[in-house]
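What follows is a set of notes on a single structure, which appears directly below.
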Amino acid sequence: MPGLVPGIHALIDNKQDVDGRDKPGHDGDQSKLRTGPILDRRIAADLRQWQGARVLELIFTSTLNGVLFGMLLFLMASGLTVIFSMLGVLNFAHASFYMLGAFFGYQVSRWIGFWPALVIAPLAARVLGAGVERYGLRNVHRNGHVAELLFTFGLAFVIEETVQMIWGKAPVDYRVPQLLDFPAFSVFSTNYPAYKVFMLAVAVAIFAALLIGIKRTRIGMIVQAALTHPHMVGHLGHNVGRIFMLVFGLGTALAAVAGVIAGPALVTQSNMAALLGPILFVVVVVGGLGSLPGAFIASLLIGLLQTFAVAINVSLASLFGPLAAGHGPSLLTDVWNVSVAQIAPVLPYLLLVLILIFRPMGLLGTRET
Amino acid sequence: MRKLIATLLLALPLAGGVARAEDTVKIGYIDPLSGGGASVGEIGLKHFQLLADQQNAKGGILGKKVEIVPLDNKTNPQESLIQAQKAIDAGVRYLTQGNGSAVGAALSDFVTKYNERNPGHEVLYFNYAAVDPVLTNDKCSFWHFRWDANSDIKMEALTNYIKTAPGVKKIYLINQDYSFGESVRTQARKMLAAKRPDIQIVGDELHPLLKVTDFAPYIAKIKASGADSVITGNWGQDFALLLKAAADAGLKVNWYTYYAGGTGGPTAIKQANLDHQVFAITEGSPNLGTPAAVEFEKAFRAKFDVTVFYPRAVNEMRMLALAAEKAKSVEPLKVAEALEGMQYEVLDGGTGVMRKDDHQFFQPMYIASFGERSEKEPFDEEKTGWGWRPVAKIDTAQTMLPTTCKMERP
């Protein structure tokens, strides 16, 4: 910087306390390294090995983080995809129930603790969801799909505004429970918080329960049948309306579970639904409509895709070398120098577009979107 | 009896509390009051509200009551312009904003155009925190005044400090993906290359602004890079969540920051147990012990139970009052002329000056680290028990960077 004399006065009486900065560095032994070709080669090999460990560490933690985010997505997407295939309507308010779950969880955990909240908040969301289906959607249904779509769209805004009115617009202080506030294990000197392990465990448990419920129980079979042949199921004497209500309630409860457990780890605030909502639709479309295994695979895929994309620094410039020196700043240089990490947030939507073009029924879907 | 009725009749309109437009100086506060920037925007608003109250207790500005009009811009430039227009329609002649240089640039441009079209009804834009250097350089405007040191000045100070820290060998840059973050990383690279060519930049990251809710993937990357220090211009939740993720992963590095003092920042630092390993560059700190600053700090904490984050807001509002008194008018044009070149004893001590050439305010800057307190540091942050300890001071003269501004005056 021209024209500026570096002028800085360390405040004398604090001087000796400043060296905290030297603690964590890797500045120990460099000076002792002496040259000589053989030693140099050995140092280079050590360095490669060390870097190899770093890369392994990055891959390991990225995989864990990706799977975790994927499982959270799945908790929400599973409900959404089943509701979608049953009612034929994309529920725009689904992510709002995730948000409600987080805020209910926050409120209940302030009153009586986190563990009761983990049960009560999803139940409350379930009652609310069932009510929305019974008194809202079912009435709107008569006016066709567009009306239903608009209904859920409006509902999302109503919920967001209501949450803002009750809890305010700033993030609330939703903490990880004391019991789980410690590092569970550490790999390559990186700690992995116990709470995240807990989140993963809850998500896996729910996935297993859901799979068994749908594949092995009588009610699961009726739900499956109602997905494809609602009229036939109705003629057989089952109350299809009640099944719909049940499934809608269950779907919102699952989203709320995701909210309760994600709230402390991420940020609980009134825009959390808007942040996550669009990704859910990507999961549902990529996985295939009404397909639970599809939603599972797509959730993991997108979770990993987002986490790994952040970790990759590759750009066109690093692959093919920088552009000719005469090239001034232009659109091309921008595109050339942008790294995968920078476009990470866009990648899921790119996937959405590609899937819709090349495989409209999704990965495991059976009918077109 | 008649006298009593007359008094009552006279007092009645006052009791209504509705001051007429010409009797008030309305200041439009345009900043995020919802979304990811809300935590920062709310705190800023509290500063201006207390300052307005204090000014009103002293009789206002030239006998006129000061009123703060809060407007939520959701950290969005378009929304800010809508809010600015709304404010102007409601009789606001002074706008103030701080969060987001993209918003700052849009507002500066808007105010300049508005004033061209509406001579005699000018509006001033007081910028208390948008630090993109361009606002007082290539895109400078007569109607824009900045009280915060711009990003280049802050980076100059931080890198000068890093120059004295031999332990720093590998630096990781992580910043928000917009004009300000871009300017932090380019300046950091440039200045480090000049002052400490031995330092290796092991990572240079831009992430989406106020949208990331889990920084774990980024922390994993910092860890993998082997960095011993991180430089970040992150603010608001982007700083708090970054540190929270670092705490979770047990990442132990030194942090050289612009805004570690923001809401949630100190809590996250304490959680990460980074005792005096997080440094921030500011224009003041409660633990400097300047009597005026201590007094304001106490009043602010007593009223809102949070820390003074913007000593510059105090300078801004008090200088506005002084300028109006000097100009004997609250007309924005006259106030702007009075502000140009104005010298002022800043809240944390020392003389600051509003440079006429580019409307950038220059003031002494400090670097402070956050951690365990000694008896000299009475104030802690966010009830963590830890507080800021000033470690370096940069005089006003040494912050005077040259400008490329060619100011067009009315």
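Here's how to read the names in the structure tokens: chain A, B, ... by the order shown, residue numbers from 1 in each chain, ligand numbers from 1 in the order shown.
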Legend entry - Selection near segment 61-64 of chain A, 12 Å with only C-alpha atoms, sequence-local residues under 2 positions removed, as a ChimeraX atom specification: /A:54-59,66-71,185-193,196-197,199-200,300-312 /B:215-224,249
Inset, instruction - Give me the residues within 7 Å of segment 353-369 of chain A as a list in words, counting only C-alpha atoms and dropping any in the same chain fewer than 4 places off. - result: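 The neighbour list is Val285, Val286, Gly287, Gly288, Leu289, Ser291, Gly294 and Tyr349 of chain A.
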Who sits within 10 Å of Asn287 of chain B, only C-alpha atoms, same chain under 3 positions skipped, as a short mmCIF file (atom, residue, chain, number, x, y, z; two decimals) with N, CA and C atoms, in the first residue's frame:
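In the end it all went to selection_1.cif:
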```cif
data_model
loop_
_atom_site.label_atom_id
_atom_site.label_comp_id
_atom_site.auth_asym_id
_atom_site.auth_seq_id
_atom_site.Cartn_x
_atom_site.Cartn_y
_atom_site.Cartn_z
N GLY B 284 -12.25 1.21 18.77
CA GLY B 284 -12.38 1.44 20.20
C GLY B 284 -12.76 0.16 20.92
N THR B 290 -10.97 4.84 28.31
CA THR B 290 -11.25 6.26 28.07
C THR B 290 -12.55 6.63 28.79
N ALA B 293 -15.86 6.86 26.83
CA ALA B 293 -16.28 5.57 26.28
C ALA B 293 -16.83 4.68 27.39
N VAL B 294 -16.17 4.72 28.56
CA VAL B 294 -16.62 3.90 29.68
C VAL B 294 -18.03 4.33 30.10
N GLU B 297 -20.47 3.14 27.51
CA GLU B 297 -20.56 1.68 27.63
C GLU B 297 -21.49 1.30 28.78
N ASP B 348 -13.30 7.11 21.88
CA ASP B 348 -12.26 6.38 22.59
C ASP B 348 -10.95 7.17 22.73
N ALA B 368 -7.23 -5.59 19.33
CA ALA B 368 -7.46 -6.16 20.66
C ALA B 368 -7.59 -7.66 20.53
N ARG B 373 -9.43 -12.01 31.49
CA ARG B 373 -9.21 -10.60 31.79
C ARG B 373 -8.22 -10.43 32.94
N LYS B 376 -7.09 -4.85 34.71
CA LYS B 376 -7.18 -3.63 33.91
C LYS B 376 -8.33 -3.68 32.91
N GLU B 377 -8.96 -4.84 32.80
CA GLU B 377 -10.04 -4.97 31.81
C GLU B 377 -11.35 -5.25 32.52
N PRO B 378 -12.07 -4.18 32.89
CA PRO B 378 -13.28 -4.36 33.70
C PRO B 378 -14.45 -4.99 32.95
N PHE B 379 -14.50 -4.81 31.62
CA PHE B 379 -15.70 -5.24 30.90
C PHE B 379 -15.51 -6.62 30.28
N ASP B 380 -16.49 -7.51 30.51
CA ASP B 380 -16.46 -8.78 29.78
C ASP B 380 -17.52 -8.72 28.67
N GLY B 387 -12.81 -10.90 28.16
CA GLY B 387 -12.98 -9.56 27.62
C GLY B 387 -11.90 -9.22 26.62
N TRP B 388 -12.01 -8.00 26.06
CA TRP B 388 -11.04 -7.55 25.06
C TRP B 388 -9.86 -6.90 25.75
N ARG B 389 -8.67 -7.19 25.25
CA ARG B 389 -7.45 -6.56 25.76
C ARG B 389 -6.76 -5.87 24.59
N PRO B 390 -6.65 -4.54 24.67
CA PRO B 390 -5.99 -3.82 23.57
C PRO B 390 -4.53 -4.23 23.50
#
```
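Minimum atom-to-atom distances from A:Ile83, A:Leu280, A:Met76, A:Ala255 to Leu227 of chain A were compared using only C-alpha atoms, and the lowest value belongs to A:Ile83.
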Legend entry - Nearest-residue call for Asn313 of chain A, choices B:Val253, B:Ala324, B:Val111, B:Val202, using only C-alpha atoms: B:Val202
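Separating atom CA of Gly203 of chain B from atom CA of Leu173 of chain B is a distance of 5.8 Å.
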Inset, instruction - Work out how far atom CA of Leu322 of chain B is from atom CA of Asn56 of chain B, in Å to one decimal. - result: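 Computed distance, atom CA of Asn56 of chain B to atom CA of Leu322 of chain B, equals 13.8 Å.
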Inset, instruction - Have a look at B:Asn115, B:Asn160, B:Asn273, B:Arg355 and name the one nearest to Ala397 of chain B; count only C-alpha atoms. - result: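 Closest to Ala397 of chain B, using only C-alpha atoms: B:Arg355.
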Legend entry - Residue nearest chain A - candidates B:Leu210, B:Ile43, B:Leu124, B:Ala38, atoms counted: only C-alpha atoms: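 Selected residue with least distance to chain A: B:Ala38.
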Inset, instruction - Would you return as a ChimeraX atom specification the members of segment 101-270 of chain B that DSSP assigns to alpha helix (DSSP H) on this structure's backbone? - result: /B:101-117,151-163,179-195,216-225,237-249,265-270
Inset, instruction - Compile the residues of chain B that lie within 7 Å of chain A, evaluated using only C-alpha atoms, and express the compilation as a PyMOL selection string. - result: chain B and resi 33-35+38-39+160+167-168+191+206-207+213-214+217-218+220-221+224+228+248-250+252-254+276-277+391-394+398+401-402
Inset, instruction - Just list the residues in segment 178-355 of chain B DSSP gives strand (DSSP E) on the backbone, as a VMD selection string. - result: chain B and resid 200 to 207 229 to 232 254 to 257 278 to 282 343 to 345 351 to 354
I need the residues from that last selection saved to file as a PDB file, in the first residue's frame (with C-alpha atoms), if you can.
```pdb
ATOM      1  CA  GLN B 200       2.384 -19.060   2.810  1.00  0.00           C
ATOM      2  CA  ILE B 201      -1.284 -18.560   1.877  1.00  0.00           C
ATOM      3  CA  VAL B 202      -2.567 -22.115   2.232  1.00  0.00           C
ATOM      4  CA  GLY B 203      -6.200 -21.401   1.428  1.00  0.00           C
ATOM      5  CA  ASP B 204      -8.348 -18.657  -0.025  1.00  0.00           C
ATOM      6  CA  GLU B 205     -12.043 -19.233   0.372  1.00  0.00           C
ATOM      7  CA  LEU B 206     -15.185 -17.305  -0.479  1.00  0.00           C
ATOM      8  CA  HIS B 207     -18.470 -18.655   0.866  1.00  0.00           C
ATOM      9  CA  SER B 229      -3.684 -18.495  11.363  1.00  0.00           C
ATOM     10  CA  VAL B 230      -6.874 -17.451   9.655  1.00  0.00           C
ATOM     11  CA  ILE B 231      -7.766 -14.008   8.358  1.00  0.00           C
ATOM     12  CA  THR B 232     -11.472 -13.334   7.984  1.00  0.00           C
ATOM     13  CA  ASN B 254      -5.068 -17.752  15.569  1.00  0.00           C
ATOM     14  CA  TRP B 255      -7.820 -15.646  14.094  1.00  0.00           C
ATOM     15  CA  TYR B 256      -7.195 -12.180  12.667  1.00  0.00           C
ATOM     16  CA  THR B 257     -10.626 -10.656  12.232  1.00  0.00           C
ATOM     17  CA  VAL B 278      -8.635 -14.091  18.351  1.00  0.00           C
ATOM     18  CA  PHE B 279      -7.652 -10.575  17.328  1.00  0.00           C
ATOM     19  CA  ALA B 280      -9.977  -7.875  16.094  1.00  0.00           C
ATOM     20  CA  ILE B 281      -9.312  -4.481  14.613  1.00  0.00           C
ATOM     21  CA  THR B 282     -11.635  -1.761  15.900  1.00  0.00           C
ATOM     22  CA  GLN B 343     -11.960  17.539  13.432  1.00  0.00           C
ATOM     23  CA  TYR B 344     -13.460  15.694  16.323  1.00  0.00           C
ATOM     24  CA  GLU B 345     -12.337  14.183  19.623  1.00  0.00           C
ATOM     25  CA  THR B 351      -8.517  13.282  17.251  1.00  0.00           C
ATOM     26  CA  GLY B 352     -10.330  12.082  14.191  1.00  0.00           C
ATOM     27  CA  VAL B 353     -10.897  13.975  10.996  1.00  0.00           C
ATOM     28  CA  MET B 354     -13.518  13.769   8.236  1.00  0.00           C
TER      29      MET B 354
END
```
Inset, instruction - Extract, using only C-alpha atoms, all DNA, RNA and protein residues at most 12 Å from Ala147 of chain A, discarding same-chain residues fewer than 3 positions from it, and format them as a list in words. - result: Gly88, Val89, Leu90, Asn91, Gly136, Leu137, Arg138, Asn139, Val140, His141, Arg142, Asn143, Gly144, Leu150, Phe151, Thr152, Phe153 and Gly154 of chain A
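Among A:Leu254, A:Tyr135, A:Met221, A:Leu331, the residue with the shortest atom-to-atom distance to Ile206 of chain A, counting only C-alpha atoms, is A:Leu254.
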